[in-house]
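Shown below: model-v9.cif, with mmCIF, C-alpha atoms and all ligand atoms.
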data_final
loop_
_atom_site.label_atom_id
_atom_site.label_comp_id
_atom_site.auth_asym_id
_atom_site.auth_seq_id
_atom_site.Cartn_x
_atom_site.Cartn_y
_atom_site.Cartn_z
CA MET A 1 -61.70 33.51 -79.77
CA ILE A 2 -59.27 35.98 -78.22
CA ILE A 3 -56.44 34.71 -76.00
CA LEU A 4 -54.63 36.90 -73.49
CA SER A 5 -51.09 35.48 -73.36
CA VAL A 6 -48.22 36.00 -70.99
CA GLU A 7 -44.48 35.27 -71.33
CA THR A 8 -41.92 35.92 -68.56
CA SER A 9 -39.48 33.00 -68.84
CA CYS A 10 -36.32 35.11 -69.08
CA ASP A 11 -35.66 38.83 -69.61
CA GLU A 12 -38.64 39.96 -71.67
CA THR A 13 -41.97 40.75 -70.05
CA ALA A 14 -44.55 40.14 -72.75
CA VAL A 15 -48.35 40.26 -72.97
CA ALA A 16 -50.37 39.80 -76.16
CA LEU A 17 -53.94 39.57 -77.39
CA VAL A 18 -54.26 37.15 -80.33
CA ARG A 19 -57.41 36.09 -82.20
CA ASP A 20 -57.77 32.39 -83.12
CA GLY A 21 -54.08 31.74 -82.51
CA ARG A 22 -53.05 33.52 -85.71
CA GLU A 23 -54.10 37.17 -85.77
CA VAL A 24 -52.06 39.42 -83.48
CA LEU A 25 -54.20 42.24 -82.04
CA THR A 26 -51.45 43.64 -79.86
CA ASP A 27 -47.94 42.62 -78.87
CA GLN A 28 -46.72 44.33 -75.70
CA ILE A 29 -43.08 43.76 -74.76
CA PHE A 30 -40.81 45.27 -72.17
CA SER A 31 -37.20 44.23 -72.76
CA GLN A 32 -34.98 44.15 -69.69
CA ALA A 33 -31.80 44.16 -71.84
CA ASP A 34 -30.63 47.51 -70.44
CA LEU A 35 -31.09 46.32 -66.85
CA HIS A 36 -28.86 43.28 -67.41
CA ALA A 37 -26.32 44.82 -69.81
CA VAL A 38 -24.14 46.20 -67.01
CA TYR A 39 -23.71 42.65 -65.66
CA GLY A 40 -23.00 41.12 -69.10
CA GLY A 41 -25.88 38.63 -68.76
CA VAL A 42 -29.27 38.01 -67.17
CA VAL A 43 -29.42 38.37 -63.37
CA PRO A 44 -32.39 36.17 -62.32
CA GLU A 45 -33.39 38.20 -59.25
CA ILE A 46 -33.45 41.44 -61.25
CA ALA A 47 -35.46 39.70 -63.98
CA SER A 48 -38.16 38.51 -61.55
CA ARG A 49 -38.52 41.90 -59.88
CA SER A 50 -38.74 43.72 -63.19
CA HIS A 51 -41.44 41.32 -64.47
CA ALA A 52 -43.47 42.01 -61.30
CA GLU A 53 -43.16 45.76 -61.80
CA VAL A 54 -44.36 45.96 -65.39
CA ILE A 55 -46.67 43.01 -66.11
CA SER A 56 -49.97 44.56 -64.92
CA TYR A 57 -49.17 47.75 -66.80
CA LEU A 58 -48.53 45.83 -70.05
CA ALA A 59 -51.81 43.91 -69.70
CA GLN A 60 -53.76 47.12 -69.15
CA ARG A 61 -52.02 48.73 -72.13
CA ALA A 62 -52.93 45.69 -74.27
CA LEU A 63 -56.62 46.30 -73.49
CA ASP A 64 -56.40 50.08 -73.87
CA THR A 65 -54.63 50.06 -77.25
CA THR A 66 -56.99 47.51 -78.83
CA GLY A 67 -60.27 48.43 -77.19
CA VAL A 68 -60.74 44.73 -76.41
CA SER A 69 -62.95 44.40 -73.34
CA ARG A 70 -62.25 41.91 -70.55
CA ARG A 71 -65.47 40.10 -71.54
CA ASP A 72 -64.04 39.41 -75.04
CA ILE A 73 -61.17 37.30 -73.67
CA GLY A 74 -61.83 33.55 -74.02
CA ALA A 75 -58.71 32.11 -72.33
CA VAL A 76 -55.43 33.05 -70.68
CA ALA A 77 -52.29 31.27 -71.92
CA VAL A 78 -48.99 31.38 -70.06
CA THR A 79 -45.46 30.04 -70.34
CA TYR A 80 -45.01 27.75 -67.33
CA ALA A 81 -41.73 26.02 -68.39
CA PRO A 82 -38.83 25.96 -69.06
CA GLY A 83 -37.05 29.12 -67.90
CA LEU A 84 -35.82 31.05 -64.88
CA ILE A 85 -38.02 29.86 -62.06
CA GLY A 86 -38.56 33.20 -60.31
CA ALA A 87 -39.27 34.90 -63.64
CA LEU A 88 -41.76 32.19 -64.70
CA LEU A 89 -43.56 32.40 -61.35
CA VAL A 90 -44.43 36.06 -61.93
CA GLY A 91 -46.12 35.26 -65.26
CA VAL A 92 -47.84 32.12 -63.96
CA ASN A 93 -49.29 33.92 -60.94
CA PHE A 94 -50.43 36.86 -63.03
CA ALA A 95 -52.10 34.48 -65.50
CA LYS A 96 -53.82 32.53 -62.73
CA ALA A 97 -55.22 35.72 -61.24
CA ALA A 98 -56.38 36.90 -64.68
CA ALA A 99 -58.06 33.57 -65.50
CA LEU A 100 -59.80 33.54 -62.12
CA ALA A 101 -60.98 37.13 -62.43
CA LEU A 102 -62.17 36.69 -66.03
CA ASN A 103 -63.63 33.23 -65.31
CA VAL A 104 -61.95 31.71 -68.40
CA PRO A 105 -59.70 28.64 -68.88
CA LEU A 106 -56.01 28.84 -67.99
CA VAL A 107 -53.83 27.24 -70.69
CA PRO A 108 -50.26 26.20 -69.80
CA VAL A 109 -47.70 26.55 -72.61
CA HIS A 110 -44.24 25.00 -72.99
CA HIS A 111 -41.84 27.75 -74.07
CA ILE A 112 -40.09 25.78 -76.83
CA ARG A 113 -43.41 24.72 -78.34
CA GLY A 114 -44.19 28.43 -78.35
CA HIS A 115 -41.06 29.16 -80.39
CA ILE A 116 -42.13 26.49 -82.90
CA ALA A 117 -45.71 27.84 -82.99
CA ALA A 118 -44.37 31.33 -83.88
CA ASN A 119 -44.25 29.97 -87.44
CA TYR A 120 -48.08 29.78 -87.52
CA LEU A 121 -48.21 33.55 -86.98
CA ALA A 122 -46.08 34.23 -90.07
CA PHE A 123 -47.74 31.54 -92.22
CA PRO A 124 -51.38 31.14 -91.12
CA GLU A 125 -51.86 28.40 -93.72
CA LEU A 126 -48.96 26.32 -92.29
CA GLU A 127 -49.90 22.80 -91.20
CA PRO A 128 -47.75 19.93 -89.93
CA PRO A 129 -45.80 17.92 -90.93
CA PHE A 130 -42.66 20.06 -91.02
CA LEU A 131 -39.19 20.02 -89.50
CA CYS A 132 -38.18 22.85 -87.19
CA LEU A 133 -34.92 24.05 -85.66
CA ALA A 134 -35.69 25.31 -82.14
CA ILE A 135 -32.64 27.46 -81.45
CA SER A 136 -32.50 29.90 -78.56
CA GLY A 137 -30.42 30.97 -75.59
CA GLY A 138 -31.11 27.76 -73.67
CA ASN A 139 -32.02 25.20 -76.33
CA THR A 140 -30.79 23.83 -79.62
CA MET A 141 -32.84 21.04 -81.14
CA LEU A 142 -34.17 19.65 -84.38
CA VAL A 143 -37.83 18.77 -84.05
CA ASP A 144 -40.05 16.66 -86.29
CA VAL A 145 -43.44 18.37 -86.04
CA ARG A 146 -45.77 15.52 -87.07
CA GLY A 147 -48.97 17.09 -85.85
CA TYR A 148 -49.98 20.21 -83.97
CA THR A 149 -49.18 18.47 -80.68
CA ASP A 150 -47.21 15.42 -81.85
CA MET A 151 -43.51 16.27 -81.93
CA ARG A 152 -40.36 14.14 -81.93
CA VAL A 153 -36.96 15.52 -81.03
CA LEU A 154 -34.62 14.18 -83.73
CA GLY A 155 -31.50 15.68 -82.16
CA ALA A 156 -30.39 18.24 -79.62
CA THR A 157 -27.26 19.86 -78.29
CA ARG A 158 -25.10 17.61 -76.18
CA ASP A 159 -23.76 20.53 -74.18
CA ASP A 160 -24.28 24.29 -74.68
CA ALA A 161 -27.01 25.99 -76.68
CA ALA A 162 -26.24 27.90 -79.89
CA GLY A 163 -27.50 31.21 -78.45
CA GLU A 164 -25.42 30.78 -75.32
CA CYS A 165 -22.38 30.28 -77.57
CA PHE A 166 -23.20 33.54 -79.40
CA ASP A 167 -23.45 35.33 -76.04
CA LYS A 168 -20.11 33.94 -74.82
CA THR A 169 -18.41 34.83 -78.12
CA ALA A 170 -19.79 38.36 -77.83
CA ARG A 171 -18.37 38.65 -74.34
CA VAL A 172 -14.82 37.57 -75.29
CA LEU A 173 -14.95 39.97 -78.24
CA GLY A 174 -15.93 42.79 -75.88
CA LEU A 175 -19.39 43.23 -77.42
CA PRO A 176 -22.33 44.27 -75.23
CA TYR A 177 -25.18 42.04 -74.07
CA PRO A 178 -27.31 40.66 -75.72
CA GLY A 179 -24.59 39.00 -77.76
CA GLY A 180 -26.32 37.43 -80.76
CA PRO A 181 -27.36 40.56 -82.67
CA ASN A 182 -24.01 42.26 -81.92
CA VAL A 183 -21.97 39.30 -83.19
CA GLU A 184 -24.12 39.30 -86.34
CA LYS A 185 -23.51 43.02 -86.87
CA LEU A 186 -19.74 42.75 -86.45
CA ALA A 187 -19.59 39.62 -88.62
CA ARG A 188 -20.83 41.68 -91.59
CA GLU A 189 -17.50 43.55 -91.55
CA GLY A 190 -15.34 40.40 -91.53
CA ALA A 191 -14.51 37.29 -93.53
CA ASN A 192 -14.50 33.56 -92.88
CA ALA A 193 -10.73 33.66 -92.29
CA VAL A 194 -10.29 32.01 -88.88
CA LYS A 195 -10.29 28.23 -88.69
CA LEU A 196 -12.84 27.13 -86.07
CA PRO A 197 -14.33 23.66 -85.48
CA LYS A 198 -17.73 22.77 -86.93
CA MET A 199 -18.74 20.52 -84.08
CA LEU A 200 -20.43 17.18 -84.93
CA LYS A 201 -20.45 18.07 -88.65
CA GLY A 202 -21.21 14.81 -90.48
CA ALA A 203 -21.31 12.95 -87.14
CA GLY A 204 -23.54 12.41 -84.11
CA GLY A 205 -26.77 11.93 -86.06
CA TYR A 206 -28.91 15.04 -85.64
CA ASP A 207 -27.22 16.10 -82.41
CA PHE A 208 -25.29 19.33 -82.04
CA SER A 209 -22.42 20.48 -79.84
CA TYR A 210 -21.25 24.00 -78.99
CA SER A 211 -18.87 23.77 -76.03
CA GLY A 212 -15.80 22.94 -78.21
CA LEU A 213 -16.53 25.88 -80.51
CA LYS A 214 -16.94 28.17 -77.51
CA THR A 215 -13.57 27.05 -76.12
CA ALA A 216 -11.91 27.42 -79.54
CA VAL A 217 -13.09 31.04 -79.80
CA VAL A 218 -11.91 31.85 -76.25
CA ASN A 219 -8.50 30.25 -76.93
CA TYR A 220 -8.12 32.02 -80.27
CA VAL A 221 -8.90 35.43 -78.77
CA HIS A 222 -6.59 34.94 -75.76
CA ALA A 223 -3.72 33.78 -78.02
CA ALA A 224 -4.31 36.69 -80.42
CA GLU A 225 -4.30 39.21 -77.56
CA GLN A 226 -1.03 37.83 -76.18
CA SER A 227 0.71 37.64 -79.58
CA LYS A 228 0.60 41.46 -79.97
CA LYS A 229 0.13 40.88 -83.72
CA PRO A 230 -2.82 42.53 -85.49
CA TRP A 231 -5.97 40.42 -85.60
CA SER A 232 -9.53 41.07 -86.69
CA LYS A 233 -12.46 40.79 -84.28
CA ALA A 234 -14.78 41.00 -87.27
CA ASP A 235 -13.11 37.95 -88.85
CA VAL A 236 -13.54 36.00 -85.61
CA ALA A 237 -17.23 37.01 -85.47
CA HIS A 238 -17.78 36.05 -89.11
CA SER A 239 -15.91 32.73 -88.84
CA PHE A 240 -17.70 31.90 -85.58
CA GLN A 241 -21.08 32.61 -87.16
CA CYS A 242 -20.35 30.27 -90.06
CA ALA A 243 -19.07 27.50 -87.75
CA ALA A 244 -22.05 27.83 -85.39
CA LEU A 245 -24.80 28.08 -87.99
CA ASP A 246 -23.70 26.01 -90.99
CA VAL A 247 -24.06 22.76 -89.03
CA LEU A 248 -27.65 23.68 -88.10
CA ALA A 249 -28.56 24.23 -91.75
CA GLU A 250 -26.82 21.07 -92.93
CA LYS A 251 -28.55 18.83 -90.39
CA LEU A 252 -31.96 20.41 -90.99
CA PHE A 253 -31.83 19.71 -94.72
CA ALA A 254 -30.26 16.25 -94.28
CA ALA A 255 -33.17 15.30 -92.01
CA ALA A 256 -35.75 16.76 -94.42
CA GLU A 257 -34.29 14.80 -97.33
CA GLU A 258 -34.03 11.58 -95.35
CA ARG A 259 -37.62 11.88 -94.13
CA LYS A 260 -38.97 13.28 -97.39
CA ILE A 261 -40.48 16.29 -95.67
CA GLY A 262 -40.85 19.30 -97.96
CA VAL A 263 -41.38 22.04 -95.36
CA VAL A 264 -38.63 23.28 -93.03
CA ALA A 265 -38.84 25.95 -90.34
CA ALA A 266 -36.98 27.54 -87.45
CA GLY A 267 -37.79 29.41 -84.27
CA GLY A 268 -36.07 30.90 -81.22
CA GLY A 269 -33.72 33.88 -80.87
CA VAL A 270 -30.95 32.48 -83.07
CA SER A 271 -33.39 32.11 -85.99
CA ALA A 272 -33.42 35.94 -86.17
CA ASN A 273 -29.86 35.74 -87.52
CA GLY A 274 -29.69 37.17 -91.05
CA TYR A 275 -26.83 34.92 -92.20
CA LEU A 276 -28.75 31.81 -91.13
CA ARG A 277 -32.01 33.02 -92.68
CA GLU A 278 -30.29 33.71 -96.01
CA ARG A 279 -28.52 30.37 -95.99
CA LEU A 280 -31.74 28.49 -95.20
CA ALA A 281 -33.60 30.38 -97.94
CA LYS A 282 -30.93 29.60 -100.54
CA GLU A 283 -30.73 25.94 -99.67
CA ALA A 284 -34.50 25.50 -99.49
CA ALA A 285 -34.90 27.10 -102.92
CA GLY A 286 -32.18 24.85 -104.37
CA ARG A 287 -34.02 21.77 -103.09
CA LYS A 288 -37.49 23.10 -103.99
CA MET A 289 -38.50 22.91 -100.34
CA LYS A 290 -40.74 25.43 -98.58
CA LEU A 291 -39.01 27.49 -95.89
CA VAL A 292 -41.06 28.97 -93.09
CA LEU A 293 -39.56 31.49 -90.67
CA PRO A 294 -41.20 33.71 -88.07
CA GLU A 295 -40.83 37.47 -88.45
CA LYS A 296 -37.63 38.49 -86.64
CA ARG A 297 -39.54 40.07 -83.73
CA TYR A 298 -41.33 36.75 -83.14
CA CYS A 299 -38.04 34.77 -83.13
CA THR A 300 -36.95 36.19 -79.78
CA ASP A 301 -39.18 35.82 -76.72
CA ASN A 302 -42.69 37.23 -77.11
CA ALA A 303 -46.22 36.47 -75.94
CA CYS A 304 -47.79 36.15 -79.42
CA MET A 305 -46.14 32.76 -79.93
CA ILE A 306 -47.52 31.67 -76.53
CA ALA A 307 -51.02 32.52 -77.75
CA ALA A 308 -50.39 30.62 -81.01
CA GLU A 309 -49.44 27.48 -79.08
CA GLY A 310 -52.06 28.21 -76.42
CA TYR A 311 -54.79 28.16 -79.06
CA ILE A 312 -53.73 24.64 -80.11
CA ARG A 313 -53.78 23.51 -76.48
CA TYR A 314 -57.14 25.24 -75.92
CA ALA A 315 -58.63 23.34 -78.85
CA GLN A 316 -57.47 20.09 -77.18
CA GLY A 317 -59.13 21.15 -73.91
CA GLU A 318 -55.79 21.15 -72.11
CA PHE A 319 -56.54 23.48 -69.26
CA ALA A 320 -54.65 23.91 -66.01
CA SER A 321 -56.21 24.32 -62.60
CA LEU A 322 -55.30 27.16 -60.29
CA ASP A 323 -52.57 25.05 -58.65
CA LEU A 324 -50.47 25.31 -61.85
CA ASN A 325 -46.83 25.69 -60.88
CA ALA A 326 -43.87 27.00 -62.87
CA GLU A 327 -41.08 24.52 -63.74
CA ALA A 328 -37.48 25.48 -64.54
CA TYR A 329 -37.09 22.45 -66.81
CA ILE A 330 -39.54 20.17 -68.56
CA PRO A 331 -38.28 18.35 -71.66
CA LEU A 332 -40.11 18.70 -74.94
CA LYS A 333 -41.97 15.41 -74.90
CA ASN A 334 -41.47 12.94 -77.69
CA ALA A 335 -45.08 11.97 -78.22
CA SER A 336 -48.50 13.51 -78.35
CA GLU A 337 -49.14 13.17 -74.63
CA PRO A 338 -50.20 16.42 -72.94
CA LEU A 339 -47.40 18.42 -71.35
O1 LIG B 401 -35.50 32.94 -77.90
P1 LIG B 401 -34.72 33.87 -77.07
O2 LIG B 401 -35.11 35.33 -77.10
O3 LIG B 401 -34.72 33.45 -75.57
C1 LIG B 401 -34.69 32.11 -75.18
O4 LIG B 401 -35.76 31.46 -75.21
O5 LIG B 401 -33.57 31.64 -74.88
O6 LIG B 401 -33.20 33.70 -77.53
C2 LIG B 401 -32.19 34.48 -77.00
C3 LIG B 401 -30.89 34.03 -77.64
C4 LIG B 401 -29.68 34.76 -77.09
O7 LIG B 401 -28.68 33.82 -76.81
C5 LIG B 401 -29.30 35.69 -78.22
O8 LIG B 401 -27.91 35.98 -78.25
C6 LIG B 401 -29.72 34.90 -79.43
O9 LIG B 401 -30.93 34.29 -79.05
N1 LIG B 401 -29.94 35.77 -80.59
C7 LIG B 401 -29.23 35.71 -81.72
C8 LIG B 401 -29.69 36.76 -82.54
N2 LIG B 401 -30.69 37.42 -81.89
C9 LIG B 401 -30.83 36.79 -80.69
N3 LIG B 401 -28.23 34.89 -82.10
C10 LIG B 401 -27.69 35.09 -83.31
N4 LIG B 401 -28.06 36.08 -84.15
C11 LIG B 401 -29.05 36.93 -83.81
N5 LIG B 401 -29.41 37.91 -84.64
#
What is this file in structure tokens?
Amino acid sequence: MIILSVETSCDETAVALVRDGREVLTDQIFSQADLHAVYGGVVPEIASRSHAEVISYLAQRALDTTGVSRRDIGAVAVTYAPGLIGALLVGVNFAKAAALALNVPLVPVHHIRGHIAANYLAFPELEPPFLCLAISGGNTMLVDVRGYTDMRVLGATRDDAAGECFDKTARVLGLPYPGGPNVEKLAREGANAVKLPKMLKGAGGYDFSYSGLKTAVVNYVHAAEQSKKPWSKADVAHSFQCAALDVLAEKLFAAAEERKIGVVAAGGGVSANGYLRERLAKEAAGRKMKLVLPEKRYCTDNACMIAAEGYIRYAQGEFASLDLNAEAYIPLKNASEPL
């Protein structure tokens, strides 16, 4: 069964065609990064307008490049929450129109569940249970994936998200938007030489915290600039990366050991980070655990992951009617109830 999937929750317009929730037929993405770079971050109004301009074109290109006919499409899946409300509305309305025109079910998908489901694309044989870090620009949580739809949030950030902290650090270091990949690149030239706090390390259960780290980086950079002494941006980037990511790895493995779960995973933009991926791989190997990670291009926002989660929802018969609305925030539910 082929799903046409749509993702417009932030600054990527994405449309995909995916067979049986696992086999990507095409992955169409238009990144708005250049449009927002001049402002140093995402401007919601610009995001919504850009989604509206390109979404129909991407859908048509998805059909043209694969030769898939409209009649072959069995369902339309769409991110309806959480995200920028105007941006989500463009995708939701496009998906509603497509489902109506094609006379197929409309499947609503929670964006964070999509990030977790990206792991099924990389490892088609993957089955729950596993533990997953869901780490993106707006979310940082450790999720116990007990079944395809049954998830428990073991811990989450108490303030800022890890990705947001990367973006802020990039900005104070004078690096362009989007911050995460640029901080990672600069960090490769530096050392772990600046003392920064590892927030909630060994405390707070499986919760995380990033606001103190963000403030520590800002204060360090301001003090360094005023001191007129030489200082290394690359060292700040490297030290920040260690402080931000080590805690994620430590809590993921602590939870896996405590719960005797042998498979660990990650998803969301921050899981594209090479330092984190290497650290997770090393630690998983040392503990004889299986590590599952999406391909880097499926860590950041994309529509393939929405089809992967949409397929699970489709199999449960969880369809939306044409009054589906977009929601800026819906928590990841703690039980198997439908979203
Ligand atoms: O998943 P995503 O594309 O969008 C959301 O759902 O939020 O994540 C975007 C976030 C941004 O904060 C970006 O800076 C961060 O993921 N990110 C990274 C890397 N690539 C993207 N953070 C650290 N290292 C990276 N390589």
Min atom-atom distance to Glu23 (chain A) from the set A:Cys242, A:Ala223, A:Val270, A:Ala118, counting all atoms listed in the file, belongs to A:Ala118
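Considering only C-alpha atoms and all ligand atoms, every residue of the polymer chains approaching ligand LIG 401 (chain B) to 7 Å or closer is listed here: A:Cys10, A:Ser136, A:Gly137, A:Gly138, A:Asn139, A:Gly163, A:Glu164, A:Phe166, A:Asp167, A:Pro178, A:Gly179, A:Gly180, A:Pro181, A:Val183, A:Glu184, A:Gly268, A:Gly269, A:Val270, A:Ser271, A:Ala272, A:Asn273, A:Gly274, A:Cys299, A:Thr300, A:Asp301.
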Please dump the current selection as an mmCIF file, keeping the file's coordinate frame; keep C-alpha atoms.
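After the write, part29.cif holds the following:
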data_model
loop_
_atom_site.group_PDB
_atom_site.id
_atom_site.type_symbol
_atom_site.label_atom_id
_atom_site.label_comp_id
_atom_site.auth_asym_id
_atom_site.auth_seq_id
_atom_site.Cartn_x
_atom_site.Cartn_y
_atom_site.Cartn_z
ATOM 1 C CA CYS A 10 -36.320 35.110 -69.080
ATOM 2 C CA SER A 136 -32.500 29.900 -78.560
ATOM 3 C CA GLY A 137 -30.420 30.970 -75.590
ATOM 4 C CA GLY A 138 -31.110 27.760 -73.670
ATOM 5 C CA ASN A 139 -32.020 25.200 -76.330
ATOM 6 C CA GLY A 163 -27.500 31.210 -78.450
ATOM 7 C CA GLU A 164 -25.420 30.780 -75.320
ATOM 8 C CA PHE A 166 -23.200 33.540 -79.400
ATOM 9 C CA ASP A 167 -23.450 35.330 -76.040
ATOM 10 C CA PRO A 178 -27.310 40.660 -75.720
ATOM 11 C CA GLY A 179 -24.590 39.000 -77.760
ATOM 12 C CA GLY A 180 -26.320 37.430 -80.760
ATOM 13 C CA PRO A 181 -27.360 40.560 -82.670
ATOM 14 C CA VAL A 183 -21.970 39.300 -83.190
ATOM 15 C CA GLU A 184 -24.120 39.300 -86.340
ATOM 16 C CA GLY A 268 -36.070 30.900 -81.220
ATOM 17 C CA GLY A 269 -33.720 33.880 -80.870
ATOM 18 C CA VAL A 270 -30.950 32.480 -83.070
ATOM 19 C CA SER A 271 -33.390 32.110 -85.990
ATOM 20 C CA ALA A 272 -33.420 35.940 -86.170
ATOM 21 C CA ASN A 273 -29.860 35.740 -87.520
ATOM 22 C CA GLY A 274 -29.690 37.170 -91.050
ATOM 23 C CA CYS A 299 -38.040 34.770 -83.130
ATOM 24 C CA THR A 300 -36.950 36.190 -79.780
ATOM 25 C CA ASP A 301 -39.180 35.820 -76.720
#
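Of note, CA of Tyr80 (chain A) and CA of Met1 (chain A) are spaced 21.6 Å apart.
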CA of Lys282 (chain A) sits from CA of Ala122 (chain A) at a separation of 19.0 Å
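Between CA of Val145 (chain A) and CA of Cys132 (chain A) the interatomic distance comes to 7.0 Å.
For the choices A:Asp11, A:Pro108, A:Asp160, A:Val38, the atom-to-atom distance to Gly317 (chain A) is smallest for A:Pro108 when using all atoms listed in the file.
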Requested in this report: Compile the contact shell of Gly147 (chain A) as a VMD selection string: residues with an atom at most 9 Å away, counting all atoms listed in the file, same-chain residues fewer than 2 positions apart removed.
Outcome: chain A and resid 127 to 130 144 to 145 149 to 151 336
Mind checking which residues fall within 12 Å of Glu45 (chain A), counting only C-alpha atoms, ignoring those fewer than 6 positions away in the same chain, and posting them as a PyMOL selection string? chain A and resi 10-11+35-36+51-52+84-90
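Minimum atom-to-atom distance to Ala16 (chain A), evaluated using all atoms listed in the file, belongs to A:Tyr298 out of A:Tyr220, A:Phe319, A:Tyr298, A:Trp231.
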request  = Tell me, as an MDAnalysis selection string, which residues lie within 10 Å of Arg287 (chain A), counting only C-alpha atoms; anything in the same chain fewer than 6 positions away does not count.
outcome  = chainID A and resid 253 257 262
Nearby residues, (-39.9, 23.5, -70.9) file frame, 8 Å, all atoms listed in the file, as a ChimeraX atom specification | /A:80-83,110-112,327-332
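Among the candidates A:Leu213, A:Ala308, A:Val264, A:Leu186, the residue lying nearest to His238 (chain A) is A:Leu186 (atoms considered: only C-alpha atoms).
Among the candidate residues A:Thr66, A:Ser5, A:Ser50, A:Ser56, the one lying nearest to Gln32 (chain A) is A:Ser50, with distances computed using all atoms listed in the file.
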Among A:Glu7, A:Gly74, A:Val24, A:Arg61, Ala315 (chain A) is approached most closely, using all atoms listed in the file, by A:Gly74
**Request:** Quick one: residues within 8 Å of (-58.0, 37.0, -74.5) (file frame), counting all atoms listed in the file, please, as a count of residues only.
**Result:** 14
With a distance cut-off of 8 Å and only C-alpha atoms, select the neighbouring residues of region 169-176 of chain A, excluding the residue or stretch itself and same-chain residues fewer than 3 positions from it, and output the selection as a VMD selection string. chain A and resid 37 40 165 to 166 179 to 180 182 to 183 214 217 to 218 221 233 237
Spatial neighbours of Asp323 (chain A), 10 Å, only C-alpha atoms, chain gap at least 3 places, as a PyMOL selection string:
chain A and resi 93+96+320+326
